[in-house]
$ cat final27.csv   # CSV, C-alpha atoms and all ligand atoms
chain,number,residue,atom,x,y,z
A,294,MET,CA,13.3,23.6,10.7
A,295,ARG,CA,10.6,26.2,11.6
A,296,ASN,CA,10.1,29.9,12.1
A,297,THR,CA,9.5,31.4,15.5
A,298,THR,CA,5.7,31.5,15.0
A,299,SER,CA,5.4,27.8,14.4
A,300,ALA,CA,2.8,25.9,16.5
A,301,ILE,CA,4.9,22.8,16.4
A,302,SER,CA,7.0,22.6,19.6
A,303,ASP,CA,10.7,22.0,19.6
A,304,GLU,CA,10.1,18.8,21.6
A,305,VAL,CA,7.9,17.3,18.9
A,306,ILE,CA,10.5,18.3,16.2
A,307,GLN,CA,13.2,16.7,18.3
A,308,ARG,CA,11.2,13.5,18.8
A,309,ALA,CA,10.4,13.4,15.0
A,310,ARG,CA,14.1,13.6,14.1
A,311,LEU,CA,14.8,10.7,16.4
A,312,GLY,CA,11.8,8.6,15.1
A,313,LYS,CA,10.2,8.8,18.5
A,314,CYS,CA,7.0,10.8,18.0
A,315,THR,CA,4.2,9.7,20.3
A,316,LYS,CA,0.4,9.4,19.7
A,317,GLU,CA,-0.1,12.7,21.4
A,318,ASP,CA,2.5,14.3,19.1
A,319,ALA,CA,0.6,13.0,16.1
A,320,MET,CA,-2.7,14.4,17.4
A,321,SER,CA,-1.1,17.8,17.9
A,322,LEU,CA,0.4,17.8,14.4
A,323,LEU,CA,-3.1,17.4,12.9
A,324,ASN,CA,-4.2,20.5,14.8
A,325,VAL,CA,-1.6,22.9,13.4
A,326,ASN,CA,-1.9,24.8,10.2
A,327,PRO,CA,-1.5,22.0,7.6
A,328,PHE,CA,1.3,24.0,5.8
A,329,GLU,CA,3.5,23.7,8.9
A,330,LEU,CA,3.0,20.0,9.0
A,331,PHE,CA,3.7,19.7,5.2
A,332,SER,CA,6.9,21.8,5.6
A,333,MET,CA,8.1,19.6,8.5
A,334,ALA,CA,7.4,16.4,6.5
A,335,ASP,CA,9.1,17.9,3.4
A,336,GLU,CA,12.2,18.6,5.4
A,337,LEU,CA,12.3,15.2,6.9
A,338,ARG,CA,11.8,13.7,3.4
A,339,PHE,CA,14.7,15.7,2.1
A,340,GLU,CA,16.9,14.5,4.9
A,341,ALA,CA,15.9,10.8,4.4
A,342,VAL,CA,15.9,10.5,0.6
A,343,GLY,CA,16.9,13.8,-1.0
A,344,ASP,CA,15.2,15.2,-4.0
A,345,THR,CA,14.9,11.9,-6.0
A,346,VAL,CA,11.3,10.8,-6.7
A,347,THR,CA,10.9,7.3,-7.8
A,348,TYR,CA,8.4,5.1,-9.8
A,349,VAL,CA,8.4,1.5,-10.9
A,350,ILE,CA,7.4,0.0,-14.2
A,351,ASN,CA,5.0,-2.7,-13.3
A,352,ARG,CA,1.8,-4.4,-14.1
A,353,ASN,CA,-1.1,-5.4,-11.9
A,354,ILE,CA,-2.6,-8.8,-12.5
A,355,ASN,CA,-5.8,-9.4,-10.7
A,356,PHE,CA,-6.4,-13.0,-11.5
A,357,THR,CA,-10.0,-13.2,-10.3
A,358,ASN,CA,-12.7,-11.0,-8.9
A,359,ARG,CA,-14.6,-13.9,-7.5
A,360,CYS,CA,-14.2,-14.1,-3.7
A,361,ILE,CA,-15.7,-15.8,-0.7
A,362,GLY,CA,-14.9,-12.7,1.4
A,363,ASN,CA,-17.5,-10.1,2.4
A,364,CYS,CA,-15.6,-6.9,2.9
A,365,GLY,CA,-18.2,-4.0,3.0
A,366,PHE,CA,-15.9,-1.6,1.2
A,367,CYS,CA,-15.2,-3.9,-1.8
A,368,ALA,CA,-16.5,-2.9,-5.2
A,369,PHE,CA,-14.3,-5.4,-6.9
A,370,ARG,CA,-15.8,-8.7,-5.9
A,371,ASN,CA,-18.3,-10.3,-8.3
A,372,ASN,CA,-19.1,-13.9,-7.9
A,373,ASN,CA,-20.3,-14.1,-11.5
A,374,GLY,CA,-17.1,-12.5,-12.5
A,375,TYR,CA,-13.9,-13.7,-14.2
A,376,ARG,CA,-11.2,-16.1,-13.3
A,377,LEU,CA,-8.0,-16.1,-15.4
A,378,THR,CA,-6.4,-19.4,-16.4
A,379,LEU,CA,-2.7,-19.9,-15.9
A,380,GLU,CA,-2.1,-19.3,-19.6
A,381,GLU,CA,-4.1,-16.0,-19.4
A,382,ILE,CA,-2.0,-14.9,-16.4
A,383,MET,CA,1.1,-15.7,-18.4
A,384,GLU,CA,-0.1,-13.7,-21.4
A,385,LYS,CA,-0.3,-10.7,-19.1
A,386,VAL,CA,3.1,-11.3,-17.7
A,387,ARG,CA,4.5,-11.5,-21.3
A,388,GLY,CA,2.7,-8.2,-22.0
A,389,ALA,CA,4.4,-6.7,-18.9
A,390,ALA,CA,7.8,-8.0,-19.9
A,391,GLU,CA,7.4,-6.6,-23.4
A,392,VAL,CA,7.0,-3.0,-22.1
A,393,GLY,CA,10.0,-3.3,-19.8
A,394,SER,CA,8.2,-4.0,-16.5
A,395,THR,CA,10.5,-5.1,-13.7
A,396,GLU,CA,7.6,-6.2,-11.5
A,397,VAL,CA,4.3,-7.9,-11.7
A,398,CYS,CA,1.9,-7.4,-8.9
A,399,VAL,CA,-0.4,-10.4,-8.6
A,400,GLN,CA,-3.4,-10.4,-6.3
A,401,GLY,CA,-7.0,-11.7,-6.5
A,402,GLY,CA,-10.1,-12.7,-4.7
A,403,LEU,CA,-10.3,-15.8,-2.4
A,404,LEU,CA,-11.4,-18.7,-4.5
A,405,PRO,CA,-13.2,-21.5,-2.6
A,406,ASP,CA,-11.6,-24.4,-4.5
A,407,VAL,CA,-7.9,-23.5,-4.2
A,408,ASN,CA,-5.2,-24.2,-1.7
A,409,LEU,CA,-1.5,-23.2,-1.5
A,410,ASP,CA,-0.7,-25.2,-4.6
A,411,PHE,CA,-2.7,-22.8,-6.8
A,412,TYR,CA,-0.5,-19.9,-5.5
A,413,LEU,CA,2.7,-21.8,-5.9
A,414,GLU,CA,1.8,-22.8,-9.5
A,415,ILE,CA,1.4,-19.1,-10.5
A,416,LEU,CA,4.8,-18.2,-9.0
A,417,GLU,CA,6.5,-21.2,-10.6
A,418,SER,CA,5.0,-20.5,-14.0
A,419,ILE,CA,6.2,-16.9,-14.0
A,420,LYS,CA,9.7,-17.7,-12.8
A,421,ALA,CA,10.1,-20.5,-15.3
A,422,GLU,CA,9.6,-18.1,-18.2
A,423,TYR,CA,10.9,-14.9,-16.5
A,424,PRO,CA,13.4,-15.7,-13.8
A,425,ASP,CA,14.3,-12.0,-13.4
A,426,MET,CA,10.8,-10.7,-13.2
A,427,HIS,CA,10.2,-9.5,-9.6
A,428,ILE,CA,7.0,-11.1,-8.3
A,429,HIS,CA,5.2,-8.8,-5.8
A,430,ALA,CA,2.2,-11.0,-4.9
A,431,PHE,CA,-0.5,-12.2,-2.6
A,432,SER,CA,-1.8,-10.1,0.3
A,433,PRO,CA,-1.4,-11.2,3.9
A,434,MET,CA,-5.0,-12.3,3.7
A,435,GLU,CA,-4.3,-14.5,0.6
A,436,VAL,CA,-1.3,-16.1,2.3
A,437,TYR,CA,-3.3,-16.7,5.5
A,438,TYR,CA,-6.1,-18.2,3.4
A,439,ALA,CA,-3.7,-20.4,1.4
A,440,ALA,CA,-2.2,-21.8,4.6
A,441,LEU,CA,-5.6,-22.4,6.0
A,442,GLN,CA,-6.8,-24.2,2.9
A,443,SER,CA,-3.7,-26.4,2.9
A,444,ASN,CA,-3.9,-26.9,6.6
A,445,ILE,CA,-0.3,-25.9,7.3
A,446,PRO,CA,1.2,-23.1,9.5
A,447,VAL,CA,1.5,-19.7,7.9
A,448,LYS,CA,5.3,-19.9,8.4
A,449,ASP,CA,5.5,-23.1,6.3
A,450,ALA,CA,3.3,-21.5,3.6
A,451,LEU,CA,5.6,-18.5,3.4
A,452,GLU,CA,8.6,-20.7,3.1
A,453,LYS,CA,7.1,-22.6,0.2
A,454,LEU,CA,5.9,-19.4,-1.5
A,455,LYS,CA,9.5,-18.0,-1.2
A,456,GLN,CA,11.0,-21.2,-2.6
A,457,SER,CA,8.5,-21.0,-5.6
A,458,GLY,CA,9.6,-17.4,-6.4
A,459,LEU,CA,7.7,-15.0,-4.2
A,460,ASP,CA,10.0,-11.9,-3.9
A,461,THR,CA,7.9,-9.4,-2.0
A,462,MET,CA,4.3,-9.1,-0.8
A,463,PRO,CA,1.9,-6.1,-0.9
A,464,GLY,CA,1.0,-5.1,2.6
A,465,THR,CA,-2.6,-4.9,1.7
A,466,ALA,CA,-5.6,-6.3,3.6
A,467,ALA,CA,-4.4,-4.0,6.4
A,468,GLU,CA,-7.2,-1.6,6.0
A,469,ILE,CA,-7.2,-0.1,9.5
A,470,LEU,CA,-5.4,-2.3,12.0
A,471,SER,CA,-8.1,-2.1,14.7
A,472,ASP,CA,-10.4,-5.0,15.4
A,473,ARG,CA,-13.3,-2.6,16.2
A,474,VAL,CA,-13.1,-1.3,12.7
A,475,ARG,CA,-12.4,-4.7,11.1
A,476,ARG,CA,-15.5,-6.2,12.6
A,477,VAL,CA,-17.6,-3.7,10.7
A,478,ILE,CA,-15.8,-3.3,7.4
A,479,CYS,CA,-14.2,-6.7,6.8
A,480,PRO,CA,-15.5,-9.2,9.4
A,481,ALA,CA,-14.3,-12.3,7.5
A,482,LYS,CA,-10.8,-11.0,7.1
A,483,LEU,CA,-7.8,-11.8,9.3
A,484,LYS,CA,-7.7,-9.9,12.6
A,485,THR,CA,-5.1,-7.2,13.5
A,486,ALA,CA,-2.9,-9.7,15.4
A,487,GLU,CA,-3.1,-12.2,12.5
A,488,TRP,CA,-2.1,-9.5,9.9
A,489,LYS,CA,0.8,-8.5,12.2
A,490,ASN,CA,1.8,-12.2,12.5
A,491,VAL,CA,1.7,-12.9,8.7
A,492,VAL,CA,3.7,-9.8,7.9
A,493,THR,CA,6.2,-10.3,10.7
A,494,LEU,CA,6.8,-13.9,9.6
A,495,ALA,CA,7.1,-12.9,6.0
A,496,HIS,CA,9.8,-10.4,6.9
A,497,LYS,CA,11.6,-13.0,8.9
A,498,THR,CA,11.3,-15.5,6.0
A,499,GLY,CA,13.1,-13.0,3.8
A,500,ILE,CA,10.0,-11.6,2.0
A,501,PRO,CA,9.8,-7.8,2.4
A,502,THR,CA,6.4,-6.2,2.2
A,503,THR,CA,4.9,-2.7,1.7
A,504,ALA,CA,2.7,-1.2,4.4
A,505,THR,CA,-0.7,0.2,3.5
A,506,MET,CA,-3.5,1.9,5.3
A,507,MET,CA,-7.0,2.4,3.9
A,508,TYR,CA,-8.4,5.4,5.7
A,509,GLY,CA,-11.5,7.7,5.5
A,510,HIS,CA,-14.4,5.4,6.3
A,511,ILE,CA,-15.5,4.6,9.8
A,512,GLU,CA,-12.3,4.8,11.7
A,513,THR,CA,-11.3,7.5,14.2
A,514,ILE,CA,-8.2,9.7,13.9
A,515,GLU,CA,-6.7,7.8,16.9
A,516,GLU,CA,-7.2,4.5,15.1
A,517,ARG,CA,-5.3,5.8,12.1
A,518,ILE,CA,-2.4,6.9,14.3
A,519,ASP,CA,-2.4,3.5,16.2
A,520,HIS,CA,-2.2,1.8,12.8
A,521,ILE,CA,0.9,3.8,11.7
A,522,LEU,CA,2.5,3.1,15.1
A,523,ILE,CA,1.8,-0.6,14.7
A,524,VAL,CA,3.7,-0.5,11.4
A,525,ARG,CA,6.5,1.4,13.1
A,526,ASP,CA,6.7,-1.3,15.9
A,527,ILE,CA,6.9,-4.1,13.3
A,528,GLN,CA,9.6,-2.2,11.4
A,529,LYS,CA,11.7,-1.8,14.5
A,530,GLU,CA,11.6,-5.6,15.0
A,531,THR,CA,12.1,-6.8,11.4
A,532,GLY,CA,13.1,-3.9,9.1
A,533,GLY,CA,11.0,-5.6,6.4
A,534,PHE,CA,8.8,-2.8,5.1
A,535,THR,CA,10.0,-1.1,1.9
A,536,GLU,CA,7.5,1.7,1.8
A,537,PHE,CA,4.2,3.0,3.3
A,538,VAL,CA,1.3,3.6,0.9
A,539,PRO,CA,-1.6,5.6,2.4
A,540,LEU,CA,-4.8,4.7,0.5
A,541,PRO,CA,-7.8,7.0,0.8
A,542,PHE,CA,-11.1,5.2,0.9
A,543,MET,CA,-13.1,5.1,-2.4
A,544,PRO,CA,-16.7,5.5,-1.4
A,545,TYR,CA,-18.6,4.4,-4.6
A,546,ASN,CA,-20.3,1.1,-5.5
A,547,ASN,CA,-19.8,-0.4,-2.0
A,548,LYS,CA,-21.8,-0.8,1.2
A,549,ILE,CA,-19.6,1.1,3.6
A,550,GLY,CA,-19.2,3.9,1.1
A,551,GLU,CA,-23.0,4.2,0.8
A,552,GLU,CA,-23.2,4.7,4.6
A,553,VAL,CA,-20.3,7.3,4.5
A,554,LEU,CA,-22.0,9.2,1.7
A,555,LYS,CA,-25.4,9.1,3.5
A,556,SER,CA,-23.7,10.7,6.5
A,557,GLY,CA,-22.8,13.7,4.3
A,558,ARG,CA,-19.1,12.9,4.0
A,559,PHE,CA,-17.5,12.2,0.6
A,560,ALA,CA,-14.7,10.1,2.0
A,561,THR,CA,-11.6,12.2,2.4
A,562,THR,CA,-10.7,15.7,1.4
A,563,GLY,CA,-7.5,16.6,-0.5
A,564,VAL,CA,-6.1,18.5,2.5
A,565,GLU,CA,-6.8,15.5,4.8
A,566,ASP,CA,-5.0,13.2,2.3
A,567,LEU,CA,-2.0,15.5,2.2
A,568,GLN,CA,-2.0,15.7,6.1
A,569,MET,CA,-2.0,11.8,6.2
A,570,HIS,CA,1.0,11.6,3.9
A,571,ALA,CA,2.9,14.2,5.9
A,572,LEU,CA,2.0,12.6,9.2
A,573,ILE,CA,3.2,9.2,8.1
A,574,ARG,CA,6.5,10.7,7.0
A,575,VAL,CA,6.9,12.3,10.4
A,576,LEU,CA,5.9,9.3,12.5
A,577,LEU,CA,8.0,6.9,10.5
A,578,ASN,CA,11.0,9.1,10.2
A,579,THR,CA,14.2,7.0,10.6
A,580,HIS,CA,12.2,3.8,10.3
A,581,VAL,CA,10.5,3.6,6.8
A,582,ALA,CA,12.3,5.8,4.2
A,583,ASN,CA,9.7,5.7,1.4
A,584,VAL,CA,6.2,7.2,1.4
A,585,GLN,CA,4.3,6.6,-1.7
A,586,ALA,CA,1.6,8.9,-3.1
A,587,SER,CA,-0.8,6.7,-5.1
A,588,TRP,CA,-1.7,8.5,-8.3
A,589,VAL,CA,-4.6,6.0,-8.8
A,590,LYS,CA,-6.2,7.0,-5.5
A,591,LEU,CA,-5.2,10.7,-5.3
A,592,GLY,CA,-5.3,11.6,-8.9
A,593,LYS,CA,-2.2,12.7,-10.7
A,594,LYS,CA,-2.2,16.3,-9.6
A,595,LEU,CA,-2.7,15.8,-5.9
A,596,ALA,CA,-0.2,13.0,-6.0
A,597,GLN,CA,2.3,15.5,-7.5
A,598,PHE,CA,1.6,17.9,-4.7
A,599,ALA,CA,2.0,15.2,-2.1
A,600,LEU,CA,5.7,15.3,-3.1
A,601,TYR,CA,5.8,18.5,-1.1
A,602,CYS,CA,4.1,16.8,1.9
A,603,GLY,CA,6.5,14.0,2.7
A,604,ALA,CA,6.0,11.6,-0.3
A,605,ASN,CA,9.0,10.6,-2.4
A,606,ASP,CA,7.5,7.9,-4.6
A,607,LEU,CA,4.7,7.8,-7.1
A,608,GLY,CA,4.1,4.0,-7.4
A,609,GLY,CA,3.8,2.1,-10.6
A,610,THR,CA,2.7,2.4,-14.2
A,611,LEU,CA,0.2,-0.5,-13.5
A,612,MET,CA,-1.1,-1.1,-17.0
A,613,GLU,CA,-4.2,-2.4,-15.5
A,614,GLU,CA,-6.0,-1.3,-12.4
A,615,LYS,CA,-9.3,-2.8,-11.5
A,616,ILE,CA,-9.7,-2.6,-7.7
A,617,SER,CA,-9.8,1.2,-7.1
A,618,LYS,CA,-11.5,1.9,-10.4
A,619,SER,CA,-14.5,-0.3,-9.4
A,620,ALA,CA,-14.9,1.8,-6.3
A,621,GLY,CA,-14.9,5.1,-8.1
A,622,ALA,CA,-11.3,6.1,-8.7
A,623,GLY,CA,-11.3,8.0,-11.9
A,624,HIS,CA,-7.7,8.1,-12.8
A,625,GLY,CA,-7.0,5.7,-15.6
A,626,GLU,CA,-5.3,2.4,-15.7
A,627,TYR,CA,-1.9,3.3,-17.0
A,628,MET,CA,0.6,6.1,-16.6
A,629,SER,CA,3.7,5.9,-18.9
A,630,PRO,CA,7.2,6.3,-17.7
A,631,GLU,CA,7.5,9.5,-19.8
A,632,GLU,CA,4.5,11.0,-18.0
A,633,PHE,CA,6.0,10.1,-14.6
A,634,GLU,CA,9.2,11.8,-15.5
A,635,TRP,CA,7.5,14.9,-16.8
A,636,MET,CA,5.3,15.1,-13.7
A,637,ILE,CA,8.3,14.7,-11.4
A,638,ARG,CA,10.4,17.2,-13.2
A,639,GLY,CA,7.5,19.6,-13.1
A,640,SER,CA,7.6,19.4,-9.3
A,641,GLY,CA,11.3,20.4,-9.3
A,642,ARG,CA,12.5,16.9,-8.3
A,643,ASN,CA,14.7,14.4,-10.0
A,644,PRO,CA,12.9,11.4,-11.5
A,645,LYS,CA,14.3,7.9,-11.2
A,646,GLN,CA,12.9,4.5,-12.2
A,647,ARG,CA,13.3,2.1,-9.3
A,648,ASN,CA,12.9,-1.6,-8.7
A,649,THR,CA,10.5,-3.0,-6.1
A,650,LEU,CA,13.1,-3.0,-3.4
A,651,TYR,CA,14.4,0.6,-4.1
A,652,HIS,CA,17.9,-0.9,-4.7
A,653,GLY,CA,20.3,1.7,-6.0
A,654,VAL,CA,18.1,4.7,-5.4
A,701,LIG,S1,-11.5,-6.9,-0.5
A,701,LIG,FE1,-10.5,-8.8,-1.2
A,701,LIG,S2,-11.1,-10.3,0.4
A,701,LIG,FE2,-12.5,-8.6,0.6
A,701,LIG,S3,-14.3,-9.1,-0.6
A,701,LIG,FE3,-13.0,-7.9,-1.9
A,701,LIG,S4,-11.7,-9.3,-3.0
A,701,LIG,FE4,-12.6,-10.4,-1.3

$ encode --input "final27.csv" --output "structure tokens" --more "lines below"
Ligand code: SF4
Amino acid sequence: MRNTTSAISDEVIQRARLGKCTKEDAMSLLNVNPFELFSMADELRFEAVGDTVTYVINRNINFTNRCIGNCGFCAFRNNNGYRLTLEEIMEKVRGAAEVGSTEVCVQGGLLPDVNLDFYLEILESIKAEYPDMHIHAFSPMEVYYAALQSNIPVKDALEKLKQSGLDTMPGTAAEILSDRVRRVICPAKLKTAEWKNVVTLAHKTGIPTTATMMYGHIETIEERIDHILIVRDIQKETGGFTEFVPLPFMPYNNKIGEEVLKSGRFATTGVEDLQMHALIRVLLNTHVANVQASWVKLGKKLAQFALYCGANDLGGTLMEEKISKSAGAGHGEYMSPEEFEWMIRGSGRNPKQRNTLYHGV
């Protein structure tokens, strides 16, 4: 796995192979030459999933940007903003189906006048017209909020959502799973234990989720590592995570970003982004097989390079991406399947369109 001059010890490599790296191992891996870490992650990626690189044809549908939340990193919320009607949502689903999407990803702000029924109605309308469309929808925060608004336990809300057609959930609203950080960046959002609870219950209800981490704002390196290890612990219990999507913080047009910029940092560097993808591959080895490089956040070229640092998936075509764009991401709203295939072949890997659950990959 390494040449004799490597700074990564045999013990760390052994623990990585077994999926048992510790927090100290993680810290040490961030202190070696990044290319050693990239090469270790690349090898573990090859052992886990081979040379196939996947993408999904999907469409984002952000049904409203109005929100009662107060997340300091959010450039998407606008309380004079839009709210799609059910018919407008369906128009977008039809547009997605027409271009061969296998998934719609539905999320939005927290509206003051809705309860669980609002979310169920969206699911039922989509499934009535497109029973085979995979619905990847509603963050743990939205599910938590819907249950609260309807005054029922989260577990019951999840069961109803599943019955109405919810296939999988985005593991968003995770930001950094540390209450110290959450108190500053998203004080009204669910706490770490509540996020863990919603996600664990979702998995146990038969609703797999992705895992995400938004890093590069006020958190420490230790807090990032703790976050990844929390995901690993949940995965050991439920096996319900399909992939891990590292999301570098976008510092523009938001309060937390202003502070970060004032301190002379411009969020994350490219090397740091690649180190995070590699570290996630190493820490989650044998637990979570898929690490996604988000082309929207990283840009297409860095996302391609991340395929040499542990990533094996490039996410979705999206068609419409509002959330990152509002916060300064400059990388378009749509990438065609042809461009994905070209980019993947250009990295020496084998492209493959996948479904949300990576079945048959
Ligand atoms: S991140 Fe989501 S919950 Fe927070 S303010 Fe923005 S839209 Fe609302």

$ residues_around --input "final27.csv" --residues "Met543 in chain A" --least-positions-apart "3" --cutoff "12 Å" --atoms "all atoms listed in the file" --output "PyMOL selection string"
chain A and resi 365-369+507-510+540+546-551+553-554+558-562+589-591+616-623

$ residues_near_ligand --input "final27.csv" --ligand "ligand LIG 701 (chain A)" --cutoff "10 Å" --atoms "only C-alpha atoms and all ligand atoms" --output "ChimeraX atom specification"
/A:355,357-372,400-404,432,434-435,438,465-466,468,478-483,616

$ residues_around --input "final27.csv" --residues "range 415-424 of chain A" --least-positions-apart "4" --cutoff "7 Å" --atoms "all atoms listed in the file" --output "mmCIF file with C-alpha atoms, in the frame of the given file"
data_model
loop_
_atom_site.group_PDB
_atom_site.id
_atom_site.type_symbol
_atom_site.label_atom_id
_atom_site.label_comp_id
_atom_site.auth_asym_id
_atom_site.auth_seq_id
_atom_site.Cartn_x
_atom_site.Cartn_y
_atom_site.Cartn_z
ATOM 1 C CA LEU A 379 -2.700 -19.900 -15.900
ATOM 2 C CA MET A 383 1.100 -15.700 -18.400
ATOM 3 C CA PHE A 411 -2.700 -22.800 -6.800
ATOM 4 C CA SER A 457 8.500 -21.000 -5.600
ATOM 5 C CA GLY A 458 9.600 -17.400 -6.400
ATOM 6 C CA LEU A 459 7.700 -15.000 -4.200
#

$ atom_distance --input "final27.csv" --atom1 "CA of Val538 in chain A" --atom2 "CA of Glu384 in chain A"
28.3 Å

$ atom_distance --input "final27.csv" --atom1 "CA of Val474 in chain A" --atom2 "CA of Ile511 in chain A"
7.0 Å

$ residues_around --input "final27.csv" --residues "range 495-502 of chain A" --least-positions-apart "4" --cutoff "10 Å" --atoms "all atoms listed in the file" --output "PyMOL selection string"
chain A and resi 429-430+432-433+436+447-452+454-455+459-465+489-491+527-528+530-537+649-650

$ residues_around --input "final27.csv" --residues "Gly563 in chain A" --least-positions-apart "5" --cutoff "12 Å" --atoms "all atoms listed in the file" --output "NGL selection string"
:A and (327 or 509 or 541 or 568-570 or 590-592 or 594-596 or 598-599 or 602)

$ atom_distance --input "final27.csv" --atom1 "CA of Asp519 in chain A" --atom2 "CA of Ala440 in chain A"
27.8 Å
